Amino acid sequence: MSEAEVILRLLNVESAYGPIRAIRGVSLQVERGRIGTVLGSNGAGKSTILKTISGIIDPRKGAIEFAGEDITARDPAVVVQRGLSHVPEGREVFPLLSVHDNLMMGAYTRRDRDAVARDLEAVYGYFPILRERSRQEAGLLSGGQQQMLSISRALMAAPQMILLDEPSLGLSPRLTREIFEIVVRINRERGTTLLVVEQNANMALNVADYGYVLENGRIVMEDTCARLREKDDIKEFYLGMKQAGARGERRWKKKKTWR
């Protein structure tokens with residue numbers, strides 16, 4: 001990775017669910033203003049990384065630094081106040097609250113009312129359907145609309161960085177493209193840093209700048225996304241491009257059993 005300013009750094013982080021270690025000695029970093037991604041199959045520990053960063057899970061070992069501050073095991077509310085928002089897997093909107101009230105929940109720590117109003121207009125610009133449905137209960141939205149709402153709620157906190165967990169989960173290819181197009185716009189137009197966890201490796205590698213590959217709770221590969229896309233292992237295991245020859249066929253079959 002280059003010598004640009006690093007906004008997020010994990011140093012040898014280990015987290016567990018009871019006796020089961022989910023991530024083991026994970027070290028990674030994301031540069032300010034960039035999009036980073038973590039790739040891996042189900043159960044690899046991707047979501048655990050984000051939950052550990054945002055304070056939902058306390059790490060057993062290691063350290064987490066954000067914007068020059070140690071946020072290891074800090075309360076999630078404190079992490080949000082420091083400028084780090086988390087969009088969880090499965091969207092998790094407040095189903096009985098209106099779309100508007102969900103968005104305002106994202107801004108609950110803020111006191112700059114004029115800026116909040118501007119940000120509300122900005123998220124309506126990214127996702128016009130949310131303006132149309134602003135008085136509707138969030139639980140009545142479609143899955144894609146709820147994902148839009150979750151991302152917008154995170155933006156209402158005016159974060160320096162967003163952790164985005166499986167944004168394409170359960171969405172059609174068309175909606176997935178739309179969501180990722182907006183993610184790129186948010187990064188380019190607002191300068192918001194993002195760390196995206198995603199099983200759709202092709203989409204993630206096309207929008208992110210730098211990527212990490214996670215297997216069994218460990219980082220096994222990292223590089224720029226442009227270079228990762230050209231690696232044979234990535235093509236074979238994550239992009240669905242079989243390698244020719246008996247050796248490639250054996251490796252493909254072995255990997256399929258892991259997934």
# chains A, B, ... in the order shown; residues from 1 in each chain; ligands from 1
$ residues_around --residues "region 25-37 of chain A" --least-positions-apart "5" --cutoff "7 Å" --atoms "only C-alpha atoms" --output "list in words"
Ala4, Glu5, Val6, Ile7, Leu8, Arg9, Leu10, Leu11, Asn12, Val13, Glu14, Asn187, Gly191, Thr192, Thr193, Leu194, Leu195, Val196, Val197, Ala204, Ala208, Asp209, Tyr210, Gly211, Tyr212, Arg218 and Ile219 of chain A
$ select_by_dssp --residues "region 41-207 of chain A" --states "helix (DSSP H, G or I)" --output "VMD selection string"
chain A and resid 46 to 54 76 to 81 99 to 106 113 to 126 128 to 132 138 to 140 143 to 155 173 to 190 201 to 207
$ write_last_selection --atoms "C-alpha atoms" --output "PDB file, in the first residue's frame"
ATOM      1  CA  LYS A  46     -15.692 -10.880   7.133  1.00  0.00           C
ATOM      2  CA  SER A  47     -18.635  -9.539   9.118  1.00  0.00           C
ATOM      3  CA  THR A  48     -16.776 -10.180  12.374  1.00  0.00           C
ATOM      4  CA  ILE A  49     -14.058  -7.781  11.253  1.00  0.00           C
ATOM      5  CA  LEU A  50     -16.594  -4.982  10.808  1.00  0.00           C
ATOM      6  CA  LYS A  51     -18.366  -5.752  14.090  1.00  0.00           C
ATOM      7  CA  THR A  52     -15.031  -5.666  15.899  1.00  0.00           C
ATOM      8  CA  ILE A  53     -14.098  -2.323  14.351  1.00  0.00           C
ATOM      9  CA  SER A  54     -17.435  -0.721  15.254  1.00  0.00           C
ATOM     10  CA  PRO A  76     -20.375   1.628  19.449  1.00  0.00           C
ATOM     11  CA  ALA A  77     -21.995   5.004  20.193  1.00  0.00           C
ATOM     12  CA  VAL A  78     -18.562   6.504  20.830  1.00  0.00           C
ATOM     13  CA  VAL A  79     -17.245   5.007  17.585  1.00  0.00           C
ATOM     14  CA  VAL A  80     -20.103   6.644  15.656  1.00  0.00           C
ATOM     15  CA  GLN A  81     -19.401   9.986  17.323  1.00  0.00           C
ATOM     16  CA  VAL A  99     -38.290   6.369   6.403  1.00  0.00           C
ATOM     17  CA  HIS A 100     -37.795   9.969   7.529  1.00  0.00           C
ATOM     18  CA  ASP A 101     -37.543   8.982  11.200  1.00  0.00           C
ATOM     19  CA  ASN A 102     -35.037   6.237  10.350  1.00  0.00           C
ATOM     20  CA  LEU A 103     -32.888   8.839   8.642  1.00  0.00           C
ATOM     21  CA  MET A 104     -33.166  11.179  11.604  1.00  0.00           C
ATOM     22  CA  MET A 105     -32.040   8.356  13.887  1.00  0.00           C
ATOM     23  CA  GLY A 106     -28.794   8.390  11.931  1.00  0.00           C
ATOM     24  CA  ARG A 113     -29.477  21.368  12.197  1.00  0.00           C
ATOM     25  CA  ASP A 114     -28.732  23.252   8.989  1.00  0.00           C
ATOM     26  CA  ALA A 115     -26.098  20.696   7.992  1.00  0.00           C
ATOM     27  CA  VAL A 116     -28.470  17.850   8.884  1.00  0.00           C
ATOM     28  CA  ALA A 117     -31.085  19.363   6.566  1.00  0.00           C
ATOM     29  CA  ARG A 118     -28.501  19.603   3.771  1.00  0.00           C
ATOM     30  CA  ASP A 119     -27.450  15.995   4.288  1.00  0.00           C
ATOM     31  CA  LEU A 120     -31.082  14.886   4.197  1.00  0.00           C
ATOM     32  CA  GLU A 121     -31.448  16.548   0.804  1.00  0.00           C
ATOM     33  CA  ALA A 122     -28.212  14.906  -0.313  1.00  0.00           C
ATOM     34  CA  VAL A 123     -29.376  11.382   0.539  1.00  0.00           C
ATOM     35  CA  TYR A 124     -32.704  12.061  -1.183  1.00  0.00           C
ATOM     36  CA  GLY A 125     -30.625  13.046  -4.193  1.00  0.00           C
ATOM     37  CA  TYR A 126     -28.777   9.722  -4.097  1.00  0.00           C
ATOM     38  CA  PRO A 128     -35.045   9.628  -4.770  1.00  0.00           C
ATOM     39  CA  ILE A 129     -37.351   6.734  -3.848  1.00  0.00           C
ATOM     40  CA  LEU A 130     -36.690   7.502  -0.171  1.00  0.00           C
ATOM     41  CA  ARG A 131     -38.160  10.975  -0.596  1.00  0.00           C
ATOM     42  CA  GLU A 132     -41.240   9.451  -2.215  1.00  0.00           C
ATOM     43  CA  ALA A 138     -39.523   1.326   6.763  1.00  0.00           C
ATOM     44  CA  GLY A 139     -40.625  -2.268   7.237  1.00  0.00           C
ATOM     45  CA  LEU A 140     -42.876  -1.943   4.181  1.00  0.00           C
ATOM     46  CA  GLY A 143     -35.196  -5.213   0.265  1.00  0.00           C
ATOM     47  CA  GLY A 144     -33.372  -2.909  -2.128  1.00  0.00           C
ATOM     48  CA  GLN A 145     -35.090   0.163  -0.711  1.00  0.00           C
ATOM     49  CA  GLN A 146     -34.200  -0.909   2.830  1.00  0.00           C
ATOM     50  CA  GLN A 147     -30.565  -1.208   1.758  1.00  0.00           C
ATOM     51  CA  MET A 148     -30.737   2.308   0.355  1.00  0.00           C
ATOM     52  CA  LEU A 149     -32.225   3.461   3.658  1.00  0.00           C
ATOM     53  CA  SER A 150     -29.503   1.764   5.702  1.00  0.00           C
ATOM     54  CA  ILE A 151     -26.753   3.433   3.687  1.00  0.00           C
ATOM     55  CA  SER A 152     -28.532   6.790   3.881  1.00  0.00           C
ATOM     56  CA  ARG A 153     -29.011   6.471   7.645  1.00  0.00           C
ATOM     57  CA  ALA A 154     -25.270   5.936   7.987  1.00  0.00           C
ATOM     58  CA  LEU A 155     -24.607   9.024   5.862  1.00  0.00           C
ATOM     59  CA  PRO A 173     -28.095  -7.829 -10.251  1.00  0.00           C
ATOM     60  CA  ARG A 174     -29.712  -4.557 -11.382  1.00  0.00           C
ATOM     61  CA  LEU A 175     -30.217  -3.283  -7.838  1.00  0.00           C
ATOM     62  CA  THR A 176     -26.721  -4.412  -6.892  1.00  0.00           C
ATOM     63  CA  ARG A 177     -25.268  -2.305  -9.710  1.00  0.00           C
ATOM     64  CA  GLU A 178     -27.358   0.685  -8.633  1.00  0.00           C
ATOM     65  CA  ILE A 179     -26.238   0.388  -5.005  1.00  0.00           C
ATOM     66  CA  PHE A 180     -22.567   0.148  -5.943  1.00  0.00           C
ATOM     67  CA  GLU A 181     -22.844   3.070  -8.355  1.00  0.00           C
ATOM     68  CA  ILE A 182     -24.110   5.200  -5.461  1.00  0.00           C
ATOM     69  CA  VAL A 183     -21.351   3.866  -3.186  1.00  0.00           C
ATOM     70  CA  VAL A 184     -18.778   5.093  -5.709  1.00  0.00           C
ATOM     71  CA  ARG A 185     -20.542   8.466  -5.970  1.00  0.00           C
ATOM     72  CA  ILE A 186     -20.521   8.853  -2.192  1.00  0.00           C
ATOM     73  CA  ASN A 187     -16.802   8.162  -2.160  1.00  0.00           C
ATOM     74  CA  ARG A 188     -15.976  10.484  -5.064  1.00  0.00           C
ATOM     75  CA  GLU A 189     -18.343  13.352  -4.249  1.00  0.00           C
ATOM     76  CA  ARG A 190     -18.143  13.403  -0.452  1.00  0.00           C
ATOM     77  CA  ALA A 201     -16.106 -10.362  -5.621  1.00  0.00           C
ATOM     78  CA  ASN A 202     -16.394  -9.131  -9.191  1.00  0.00           C
ATOM     79  CA  MET A 203     -18.415  -6.084  -8.161  1.00  0.00           C
ATOM     80  CA  ALA A 204     -16.248  -5.346  -5.124  1.00  0.00           C
ATOM     81  CA  LEU A 205     -12.995  -5.572  -7.065  1.00  0.00           C
ATOM     82  CA  ASN A 206     -14.357  -3.251  -9.745  1.00  0.00           C
ATOM     83  CA  VAL A 207     -15.271  -0.448  -7.331  1.00  0.00           C
TER      84      VAL A 207
END
$ atom_distance --atom1 "CA of Pro167 (chain A)" --atom2 "CA of Arg60 (chain A)"
27.5 Å
$ decode --residues "region 101-128 of chain A" --atoms "N, CA and C atoms" --output "PDB file, in the first residue's frame"
ATOM      1  N   ASP A 101     -37.996   9.142   9.821  1.00  0.00           N
ATOM      2  CA  ASP A 101     -37.543   8.982  11.200  1.00  0.00           C
ATOM      3  C   ASP A 101     -36.322   8.069  11.284  1.00  0.00           C
ATOM      4  N   ASN A 102     -36.248   7.060  10.412  1.00  0.00           N
ATOM      5  CA  ASN A 102     -35.037   6.237  10.350  1.00  0.00           C
ATOM      6  C   ASN A 102     -33.827   7.091  10.005  1.00  0.00           C
ATOM      7  N   LEU A 103     -33.995   7.979   9.039  1.00  0.00           N
ATOM      8  CA  LEU A 103     -32.888   8.839   8.642  1.00  0.00           C
ATOM      9  C   LEU A 103     -32.486   9.766   9.781  1.00  0.00           C
ATOM     10  N   MET A 104     -33.467  10.295  10.491  1.00  0.00           N
ATOM     11  CA  MET A 104     -33.166  11.179  11.604  1.00  0.00           C
ATOM     12  C   MET A 104     -32.469  10.438  12.755  1.00  0.00           C
ATOM     13  N   MET A 105     -32.748   9.152  12.884  1.00  0.00           N
ATOM     14  CA  MET A 105     -32.040   8.356  13.887  1.00  0.00           C
ATOM     15  C   MET A 105     -30.545   8.324  13.584  1.00  0.00           C
ATOM     16  N   GLY A 106     -30.204   8.362  12.300  1.00  0.00           N
ATOM     17  CA  GLY A 106     -28.794   8.390  11.931  1.00  0.00           C
ATOM     18  C   GLY A 106     -28.103   9.672  12.361  1.00  0.00           C
ATOM     19  N   ALA A 107     -28.874  10.736  12.524  1.00  0.00           N
ATOM     20  CA  ALA A 107     -28.303  12.044  12.877  1.00  0.00           C
ATOM     21  C   ALA A 107     -28.506  12.390  14.348  1.00  0.00           C
ATOM     22  N   TYR A 108     -28.817  11.385  15.181  1.00  0.00           N
ATOM     23  CA  TYR A 108     -29.222  11.705  16.565  1.00  0.00           C
ATOM     24  C   TYR A 108     -28.099  12.319  17.390  1.00  0.00           C
ATOM     25  N   THR A 109     -26.844  12.108  17.019  1.00  0.00           N
ATOM     26  CA  THR A 109     -25.739  12.682  17.800  1.00  0.00           C
ATOM     27  C   THR A 109     -25.386  14.099  17.349  1.00  0.00           C
ATOM     28  N   ARG A 110     -26.012  14.573  16.271  1.00  0.00           N
ATOM     29  CA  ARG A 110     -25.622  15.854  15.695  1.00  0.00           C
ATOM     30  C   ARG A 110     -26.480  17.000  16.234  1.00  0.00           C
ATOM     31  N   ARG A 111     -25.894  18.188  16.295  1.00  0.00           N
ATOM     32  CA  ARG A 111     -26.609  19.383  16.741  1.00  0.00           C
ATOM     33  C   ARG A 111     -26.622  20.466  15.660  1.00  0.00           C
ATOM     34  N   ASP A 112     -25.975  20.196  14.523  1.00  0.00           N
ATOM     35  CA  ASP A 112     -25.889  21.170  13.427  1.00  0.00           C
ATOM     36  C   ASP A 112     -27.095  21.010  12.507  1.00  0.00           C
ATOM     37  N   ARG A 113     -28.208  21.614  12.884  1.00  0.00           N
ATOM     38  CA  ARG A 113     -29.477  21.368  12.197  1.00  0.00           C
ATOM     39  C   ARG A 113     -29.443  21.744  10.726  1.00  0.00           C
ATOM     40  N   ASP A 114     -28.799  22.847  10.398  1.00  0.00           N
ATOM     41  CA  ASP A 114     -28.732  23.252   8.989  1.00  0.00           C
ATOM     42  C   ASP A 114     -27.977  22.213   8.165  1.00  0.00           C
ATOM     43  N   ALA A 115     -26.874  21.710   8.705  1.00  0.00           N
ATOM     44  CA  ALA A 115     -26.098  20.696   7.992  1.00  0.00           C
ATOM     45  C   ALA A 115     -26.871  19.385   7.892  1.00  0.00           C
ATOM     46  N   VAL A 116     -27.636  19.054   8.932  1.00  0.00           N
ATOM     47  CA  VAL A 116     -28.470  17.850   8.884  1.00  0.00           C
ATOM     48  C   VAL A 116     -29.495  17.971   7.758  1.00  0.00           C
ATOM     49  N   ALA A 117     -30.104  19.143   7.635  1.00  0.00           N
ATOM     50  CA  ALA A 117     -31.085  19.363   6.566  1.00  0.00           C
ATOM     51  C   ALA A 117     -30.433  19.222   5.187  1.00  0.00           C
ATOM     52  N   ARG A 118     -29.210  19.738   5.053  1.00  0.00           N
ATOM     53  CA  ARG A 118     -28.501  19.603   3.771  1.00  0.00           C
ATOM     54  C   ARG A 118     -28.180  18.142   3.473  1.00  0.00           C
ATOM     55  N   ASP A 119     -27.768  17.408   4.499  1.00  0.00           N
ATOM     56  CA  ASP A 119     -27.450  15.995   4.288  1.00  0.00           C
ATOM     57  C   ASP A 119     -28.703  15.189   3.950  1.00  0.00           C
ATOM     58  N   LEU A 120     -29.828  15.569   4.539  1.00  0.00           N
ATOM     59  CA  LEU A 120     -31.082  14.886   4.197  1.00  0.00           C
ATOM     60  C   LEU A 120     -31.405  15.078   2.723  1.00  0.00           C
ATOM     61  N   GLU A 121     -31.227  16.296   2.230  1.00  0.00           N
ATOM     62  CA  GLU A 121     -31.448  16.548   0.804  1.00  0.00           C
ATOM     63  C   GLU A 121     -30.456  15.769  -0.051  1.00  0.00           C
ATOM     64  N   ALA A 122     -29.232  15.642   0.444  1.00  0.00           N
ATOM     65  CA  ALA A 122     -28.212  14.906  -0.313  1.00  0.00           C
ATOM     66  C   ALA A 122     -28.582  13.434  -0.449  1.00  0.00           C
ATOM     67  N   VAL A 123     -29.041  12.805   0.629  1.00  0.00           N
ATOM     68  CA  VAL A 123     -29.376  11.382   0.539  1.00  0.00           C
ATOM     69  C   VAL A 123     -30.626  11.181  -0.315  1.00  0.00           C
ATOM     70  N   TYR A 124     -31.552  12.144  -0.280  1.00  0.00           N
ATOM     71  CA  TYR A 124     -32.704  12.061  -1.183  1.00  0.00           C
ATOM     72  C   TYR A 124     -32.252  12.204  -2.636  1.00  0.00           C
ATOM     73  N   GLY A 125     -31.174  12.942  -2.848  1.00  0.00           N
ATOM     74  CA  GLY A 125     -30.625  13.046  -4.193  1.00  0.00           C
ATOM     75  C   GLY A 125     -30.011  11.731  -4.663  1.00  0.00           C
ATOM     76  N   TYR A 126     -29.342  11.033  -3.746  1.00  0.00           N
ATOM     77  CA  TYR A 126     -28.777   9.722  -4.097  1.00  0.00           C
ATOM     78  C   TYR A 126     -29.873   8.685  -4.327  1.00  0.00           C
ATOM     79  N   PHE A 127     -30.891   8.726  -3.472  1.00  0.00           N
ATOM     80  CA  PHE A 127     -31.948   7.712  -3.515  1.00  0.00           C
ATOM     81  C   PHE A 127     -33.315   8.401  -3.530  1.00  0.00           C
ATOM     82  N   PRO A 128     -33.777   8.882  -4.694  1.00  0.00           N
ATOM     83  CA  PRO A 128     -35.045   9.628  -4.770  1.00  0.00           C
ATOM     84  C   PRO A 128     -36.252   8.850  -4.239  1.00  0.00           C
TER      85      PRO A 128
END
